[in-house]
Amino acid sequence: MAIDPIQLTRQLVDIESTTYFEGPAGHFLADYLGKLGYEIETTRVEQTELAGTPAGESERFNVYACAAGVTPEIVFSTHMDTVPPFFPSSEDEENVYGRGACDAKGIIACQIAAAEILRAEGVKVGLLFVVGEERDSAGANAANKNPKGSRFLINGEPTDNYLATATKGALRIELRAKGKMAHSAYPELGDSAIEKLLDVLDDIRALELPVEPEIGPATLNVGLISGGRAPNVIPDAAEAHILVRLVGPAEEVQDLVDKTVNGRCDAKYTLHLPFVKMRKLQTDLPTKVVKYATDIPQLTNWGEPFLLGPGSIHVAHTPNEKISKKELLECVQLYVKLTRQLLA
């Protein structure tokens with residue numbers, strides 16, 4: 001093939017592009033794809049200031065590539081941002097290692113390689129690489145305001161080269177409790193926000209969440225807890241951030257949480273990515289359901305969605321992130337095969 005996806009994966013991994021700081025990766029991709037003869041369109045994505053996140057003023061933008069004047073039949077898409085911390089690439093005989101190796105820079109490399117094969121066959125193909133997937137899908141939301149008329153969208157996430165038939169959604173919940181400071185020797189003079197929050201969290205963790213027969217139960221993770229001033233001070237404030245993996249409408253979970261909280265603290269819903277089922281094709285590609293969320297719900301204007309990519313989600317976001325060289329090469333051909341079937 002004209003593009004070496006293994007070498008390109010390493011080049012991409014070696015560019016630090018944690019969420020909010022994707023600019024260098026965007027510039028590399030715009031330059032790389034421009035040299036391949038694509039017309040490049042970049043779309044600026046606003047920075048977002050979130051508590052505890054040093055977003056700063058760094059440049060960030062989506063990259064869209066297609067032949068000049070062409071309306072694509074199919075668009076490959078994934079994200080260029082990674083979770084922290086950054087660590088550069090390395091490799092051995094079997095794998096490429098580094099932050100983003102499987103989530104999702106190896107996927108970018110496979111999609112570019114597949115697009116080059118398809119373009120040589122006369123397929124009208126586009127490439128869309130977005131920012132912000134790991135946090136709030138800001139790039140996908142921006143891209144959805146400017147679709148290009150494609151019939152199909154092949155999104156890339158680590159699916160072990162299986163064609164995904166469904167993905168869980170995501171609902172982020174921020175809980176904030178207020179209390180009254182006092183000397184800890186006289187707790188009766190204060191009101192502990194931490195104790196209030198812990199009571200609410202105990203009740204939320206005990207909830208029976210919805211179950212979808214094909215996918216299983218919704219799951220809940222208390223990912224962040226903070227609060228208090230000092231061990232000898234009754235805490236006046238505390239907060240917790242929760243992520244629920246949805247298997248149905250978000251309203252079901254919100255109703256359960258609201259009834260459980262019952263005014264004991266403030267509950268704010270800051271992110272909702274819907275649960276998605278995709279069309280099941282008559283294909284010999286292996287299929288499975290994945291338990292994570294993707295940008296697909298935010299790219300509804302880019303055509304009928306499908307989800308496929310190399311790598312295992314089990315090593316994404318870990319210090320041992322890696323991707324199999326064999327899977328990289330296989331996925332290029334799988335992308336080509338899936339495209340041919342969709343356009344047949």
# chains A, B, ... in the order shown; residues from 1 in each chain; ligands from 1
>>> residues_around(residues="range 211-224 of chain A", least_positions_apart="4", cutoff="7 Å", atoms="only C-alpha atoms", output="PyMOL selection string")
chain A and resi 240-247+289
>>> write_last_selection(atoms="all heavy atoms", output="JSON list (two decimals), in the first residue's frame")
[["chain", "number", "residue", "atom", "x", "y", "z"],
["A", 240, "ALA", "N", -18.72, 15.90, 43.72],
["A", 240, "ALA", "CA", -18.36, 14.62, 43.09],
["A", 240, "ALA", "C", -18.81, 14.66, 41.64],
["A", 240, "ALA", "O", -19.84, 15.25, 41.31],
["A", 240, "ALA", "CB", -19.02, 13.45, 43.81],
["A", 241, "HIS", "N", -18.01, 14.02, 40.76],
["A", 241, "HIS", "CA", -18.35, 13.91, 39.35],
["A", 241, "HIS", "C", -18.55, 12.43, 39.02],
["A", 241, "HIS", "O", -17.69, 11.60, 39.32],
["A", 241, "HIS", "CB", -17.25, 14.50, 38.48],
["A", 241, "HIS", "CG", -17.07, 15.97, 38.64],
["A", 241, "HIS", "ND1", -16.48, 16.76, 37.68],
["A", 241, "HIS", "CD2", -17.40, 16.82, 39.66],
["A", 241, "HIS", "CE1", -16.45, 18.02, 38.10],
["A", 241, "HIS", "NE2", -16.99, 18.07, 39.30],
["A", 242, "ILE", "N", -19.67, 12.14, 38.40],
["A", 242, "ILE", "CA", -20.08, 10.76, 38.11],
["A", 242, "ILE", "C", -20.26, 10.61, 36.60],
["A", 242, "ILE", "O", -20.73, 11.53, 35.92],
["A", 242, "ILE", "CB", -21.42, 10.44, 38.81],
["A", 242, "ILE", "CG1", -21.26, 10.51, 40.33],
["A", 242, "ILE", "CG2", -21.96, 9.08, 38.39],
["A", 242, "ILE", "CD1", -22.59, 10.44, 41.07],
["A", 243, "LEU", "N", -19.90, 9.45, 36.06],
["A", 243, "LEU", "CA", -20.18, 9.14, 34.67],
["A", 243, "LEU", "C", -20.99, 7.85, 34.61],
["A", 243, "LEU", "O", -20.56, 6.82, 35.13],
["A", 243, "LEU", "CB", -18.90, 8.98, 33.86],
["A", 243, "LEU", "CG", -19.13, 8.88, 32.34],
["A", 243, "LEU", "CD1", -19.64, 10.19, 31.77],
["A", 243, "LEU", "CD2", -17.86, 8.47, 31.63],
["A", 244, "VAL", "N", -22.15, 7.93, 33.99],
["A", 244, "VAL", "CA", -23.01, 6.77, 33.78],
["A", 244, "VAL", "C", -22.91, 6.35, 32.32],
["A", 244, "VAL", "O", -23.03, 7.19, 31.42],
["A", 244, "VAL", "CB", -24.48, 7.09, 34.13],
["A", 244, "VAL", "CG1", -25.36, 5.86, 33.89],
["A", 244, "VAL", "CG2", -24.60, 7.56, 35.57],
["A", 245, "ARG", "N", -22.66, 5.06, 32.09],
["A", 245, "ARG", "CA", -22.67, 4.50, 30.73],
["A", 245, "ARG", "C", -24.09, 4.04, 30.42],
["A", 245, "ARG", "O", -24.60, 3.09, 31.00],
["A", 245, "ARG", "CB", -21.69, 3.33, 30.63],
["A", 245, "ARG", "CG", -20.24, 3.72, 30.91],
["A", 245, "ARG", "CD", -19.66, 4.58, 29.81],
["A", 245, "ARG", "NE", -18.28, 5.00, 30.11],
["A", 245, "ARG", "CZ", -17.54, 5.73, 29.29],
["A", 245, "ARG", "NH1", -18.01, 6.10, 28.12],
["A", 245, "ARG", "NH2", -16.31, 6.08, 29.64],
["A", 246, "LEU", "N", -24.74, 4.75, 29.50],
["A", 246, "LEU", "CA", -26.16, 4.57, 29.24],
["A", 246, "LEU", "C", -26.45, 3.41, 28.30],
["A", 246, "LEU", "O", -25.68, 3.15, 27.37],
["A", 246, "LEU", "CB", -26.75, 5.84, 28.62],
["A", 246, "LEU", "CG", -26.65, 7.12, 29.44],
["A", 246, "LEU", "CD1", -27.06, 8.32, 28.57],
["A", 246, "LEU", "CD2", -27.53, 7.04, 30.68],
["A", 247, "VAL", "N", -27.59, 2.75, 28.51],
["A", 247, "VAL", "CA", -28.08, 1.73, 27.58],
["A", 247, "VAL", "C", -29.50, 2.05, 27.11],
["A", 247, "VAL", "O", -30.20, 1.19, 26.60],
["A", 247, "VAL", "CB", -28.03, 0.32, 28.21],
["A", 247, "VAL", "CG1", -26.61, -0.08, 28.53],
["A", 247, "VAL", "CG2", -28.91, 0.26, 29.47],
["A", 289, "VAL", "N", -20.81, -5.68, 20.44],
["A", 289, "VAL", "CA", -21.28, -4.47, 21.09],
["A", 289, "VAL", "C", -20.13, -3.89, 21.91],
["A", 289, "VAL", "O", -19.38, -4.64, 22.54],
["A", 289, "VAL", "CB", -22.48, -4.79, 22.00],
["A", 289, "VAL", "CG1", -22.82, -3.62, 22.90],
["A", 289, "VAL", "CG2", -23.68, -5.20, 21.17]]
>>> select_by_dssp(residues="range 5-215 of chain A", states="strand (DSSP E or B)", output="ChimeraX atom specification")
/A:18,39-44,50,53,61-66,74-79,82,90-91,95-97,125-130,152-155,163-167,169-178,180,182-183,191,211-212
>>> residues_around(residues="Ile296 in chain A", least_positions_apart="3", cutoff="8 Å", atoms="only C-alpha atoms", output="ChimeraX atom specification")
/A:155,299-300,305
>>> closest_atom_pairs(of="range 115-154 of chain A", to="range 252-274 of chain A", cutoff="10 Å", atoms="only C-alpha atoms", output="tab-separated table")
residue	atom	partner	partner_atom	distance
A:Arg135	CA	A:Leu271	CA	9.1
A:Asp136	CA	A:Leu271	CA	6.9
A:Ser137	CA	A:Leu273	CA	8.9
>>> select_by_dssp(residues="range 67-228 of chain A", states="alpha helix (DSSP H)", output="ChimeraX atom specification")
/A:106-120,138-143,193-205
>>> write_last_selection(atoms="C-alpha atoms", output="CSV table (one decimal), in the first residue's frame")
chain,number,residue,atom,x,y,z
A,106,GLY,CA,-3.3,4.2,14.8
A,107,ILE,CA,-6.8,4.5,13.6
A,108,ILE,CA,-6.0,7.8,11.8
A,109,ALA,CA,-3.1,6.0,10.0
A,110,CYS,CA,-5.3,3.1,8.9
A,111,GLN,CA,-8.1,5.5,7.6
A,112,ILE,CA,-5.6,7.5,5.6
A,113,ALA,CA,-4.1,4.4,4.1
A,114,ALA,CA,-7.5,2.9,3.3
A,115,ALA,CA,-8.7,6.2,1.8
A,116,GLU,CA,-5.7,6.2,-0.6
A,117,ILE,CA,-6.5,2.7,-1.8
A,118,LEU,CA,-10.2,3.7,-2.4
A,119,ARG,CA,-9.3,7.0,-4.0
A,120,ALA,CA,-7.2,5.2,-6.5
A,138,ALA,CA,-16.6,19.7,20.9
A,139,GLY,CA,-15.0,19.0,17.6
A,140,ALA,CA,-17.7,16.6,16.5
A,141,ASN,CA,-20.4,19.2,17.5
A,142,ALA,CA,-18.6,21.8,15.4
A,143,ALA,CA,-18.3,19.4,12.4
A,193,ALA,CA,-21.0,19.1,53.2
A,194,ILE,CA,-18.8,16.0,52.8
A,195,GLU,CA,-21.2,13.9,55.0
A,196,LYS,CA,-24.1,15.1,53.0
A,197,LEU,CA,-22.4,14.2,49.7
A,198,LEU,CA,-21.3,10.8,51.0
A,199,ASP,CA,-24.9,10.0,52.0
A,200,VAL,CA,-26.1,11.0,48.5
A,201,LEU,CA,-23.4,8.9,46.8
A,202,ASP,CA,-24.2,5.9,48.9
A,203,ASP,CA,-27.8,6.1,47.8
A,204,ILE,CA,-26.9,6.7,44.1
A,205,ARG,CA,-24.5,3.7,44.1
>>> atom_distance(atom1="CA of Asp160 in chain A", atom2="CA of Pro310 in chain A")
4.9 Å
>>> closest_residue(among="A:Pro231, A:Pro85, A:Pro297, A:Gly126", to="Val276 in chain A", atoms="only C-alpha atoms")
A:Pro297
>>> atom_distance(atom1="CA of Tyr162 in chain A", atom2="CA of Leu307 in chain A")
8.5 Å
>>> residues_around(residues="range 22-29 of chain A", least_positions_apart="3", cutoff="10 Å", atoms="only C-alpha atoms", output="number ranges by chain")
A: 11-19, 32-35, 40, 42, 44, 58-65, 79-82, 105, 108, 112, 129-132
>>> residues_around(residues="Lys148 in chain A", least_positions_apart="6", cutoff="8 Å", atoms="only C-alpha atoms", output="PyMOL selection string")
chain A and resi 71-72+302
>>> write_last_selection(atoms="all heavy atoms", output="PDB file, in the first residue's frame")
ATOM      1  N   THR A  71     -18.126  15.803  -3.703  1.00  0.00           N
ATOM      2  CA  THR A  71     -19.011  15.460  -2.594  1.00  0.00           C
ATOM      3  C   THR A  71     -18.759  14.006  -2.244  1.00  0.00           C
ATOM      4  O   THR A  71     -19.001  13.114  -3.068  1.00  0.00           O
ATOM      5  CB  THR A  71     -20.488  15.645  -2.981  1.00  0.00           C
ATOM      6  OG1 THR A  71     -20.720  17.019  -3.282  1.00  0.00           O
ATOM      7  CG2 THR A  71     -21.401  15.212  -1.840  1.00  0.00           C
ATOM      8  N   PRO A  72     -18.255  13.714  -1.045  1.00  0.00           N
ATOM      9  CA  PRO A  72     -17.859  12.336  -0.734  1.00  0.00           C
ATOM     10  C   PRO A  72     -19.056  11.413  -0.571  1.00  0.00           C
ATOM     11  O   PRO A  72     -20.099  11.810  -0.059  1.00  0.00           O
ATOM     12  CB  PRO A  72     -17.101  12.484   0.589  1.00  0.00           C
ATOM     13  CG  PRO A  72     -17.730  13.677   1.235  1.00  0.00           C
ATOM     14  CD  PRO A  72     -18.043  14.621   0.094  1.00  0.00           C
ATOM     15  N   TRP A 302     -23.554  13.444   8.977  1.00  0.00           N
ATOM     16  CA  TRP A 302     -22.485  12.967   8.096  1.00  0.00           C
ATOM     17  C   TRP A 302     -22.783  11.606   7.481  1.00  0.00           C
ATOM     18  O   TRP A 302     -21.898  10.966   6.926  1.00  0.00           O
ATOM     19  CB  TRP A 302     -21.158  12.927   8.869  1.00  0.00           C
ATOM     20  CG  TRP A 302     -20.601  14.295   9.077  1.00  0.00           C
ATOM     21  CD1 TRP A 302     -21.023  15.235   9.976  1.00  0.00           C
ATOM     22  CD2 TRP A 302     -19.548  14.903   8.330  1.00  0.00           C
ATOM     23  NE1 TRP A 302     -20.291  16.393   9.854  1.00  0.00           N
ATOM     24  CE2 TRP A 302     -19.372  16.215   8.845  1.00  0.00           C
ATOM     25  CE3 TRP A 302     -18.721  14.478   7.291  1.00  0.00           C
ATOM     26  CZ2 TRP A 302     -18.412  17.100   8.344  1.00  0.00           C
ATOM     27  CZ3 TRP A 302     -17.761  15.350   6.795  1.00  0.00           C
ATOM     28  CH2 TRP A 302     -17.616  16.647   7.315  1.00  0.00           C
TER      29      TRP A 302
END
>>> residues_around(residues="range 317-320 of chain A", least_positions_apart="5", cutoff="12 Å", atoms="only C-alpha atoms", output="list in words")
Thr18, Asp81, Thr82, Val83, Pro84, Pro85, Phe86, Phe87, Pro88, Ser89, Ser90, Glu91, Asn95, Val96, Tyr97, Gly98, Arg99, Gly100, Ala101, Cys102, Asp103, Ala104, Glu134, Pro158 and Ser312 of chain A
>>> write_last_selection(atoms="C-alpha atoms", output="short mmCIF file (atom, residue, chain, number, x, y, z; two decimals), in the first residue's frame")
data_model
loop_
_atom_site.label_atom_id
_atom_site.label_comp_id
_atom_site.auth_asym_id
_atom_site.auth_seq_id
_atom_site.Cartn_x
_atom_site.Cartn_y
_atom_site.Cartn_z
CA THR A 18 -3.91 15.83 24.75
CA ASP A 81 -6.92 14.21 20.88
CA THR A 82 -5.66 11.82 23.55
CA VAL A 83 -5.97 11.52 27.30
CA PRO A 84 -2.98 12.61 29.43
CA PRO A 85 -0.23 11.98 30.19
CA PHE A 86 1.69 12.07 26.94
CA PHE A 87 4.44 9.52 26.30
CA PRO A 88 6.19 9.01 22.94
CA SER A 89 6.16 6.01 20.64
CA SER A 90 8.26 2.88 20.67
CA GLU A 91 7.89 -0.47 18.99
CA ASN A 95 3.30 -3.72 18.64
CA VAL A 96 3.55 0.05 18.51
CA TYR A 97 3.42 1.68 21.96
CA GLY A 98 2.68 5.23 23.09
CA ARG A 99 -0.13 7.57 24.05
CA GLY A 100 -2.79 7.41 21.38
CA ALA A 101 -1.38 4.28 19.74
CA CYS A 102 -4.81 2.65 19.73
CA ASP A 103 -6.97 5.61 20.78
CA ALA A 104 -6.94 6.85 18.12
CA GLU A 134 -12.04 12.51 25.07
CA PRO A 158 -10.63 0.55 19.22
CA SER A 312 -8.21 -2.90 22.28
#
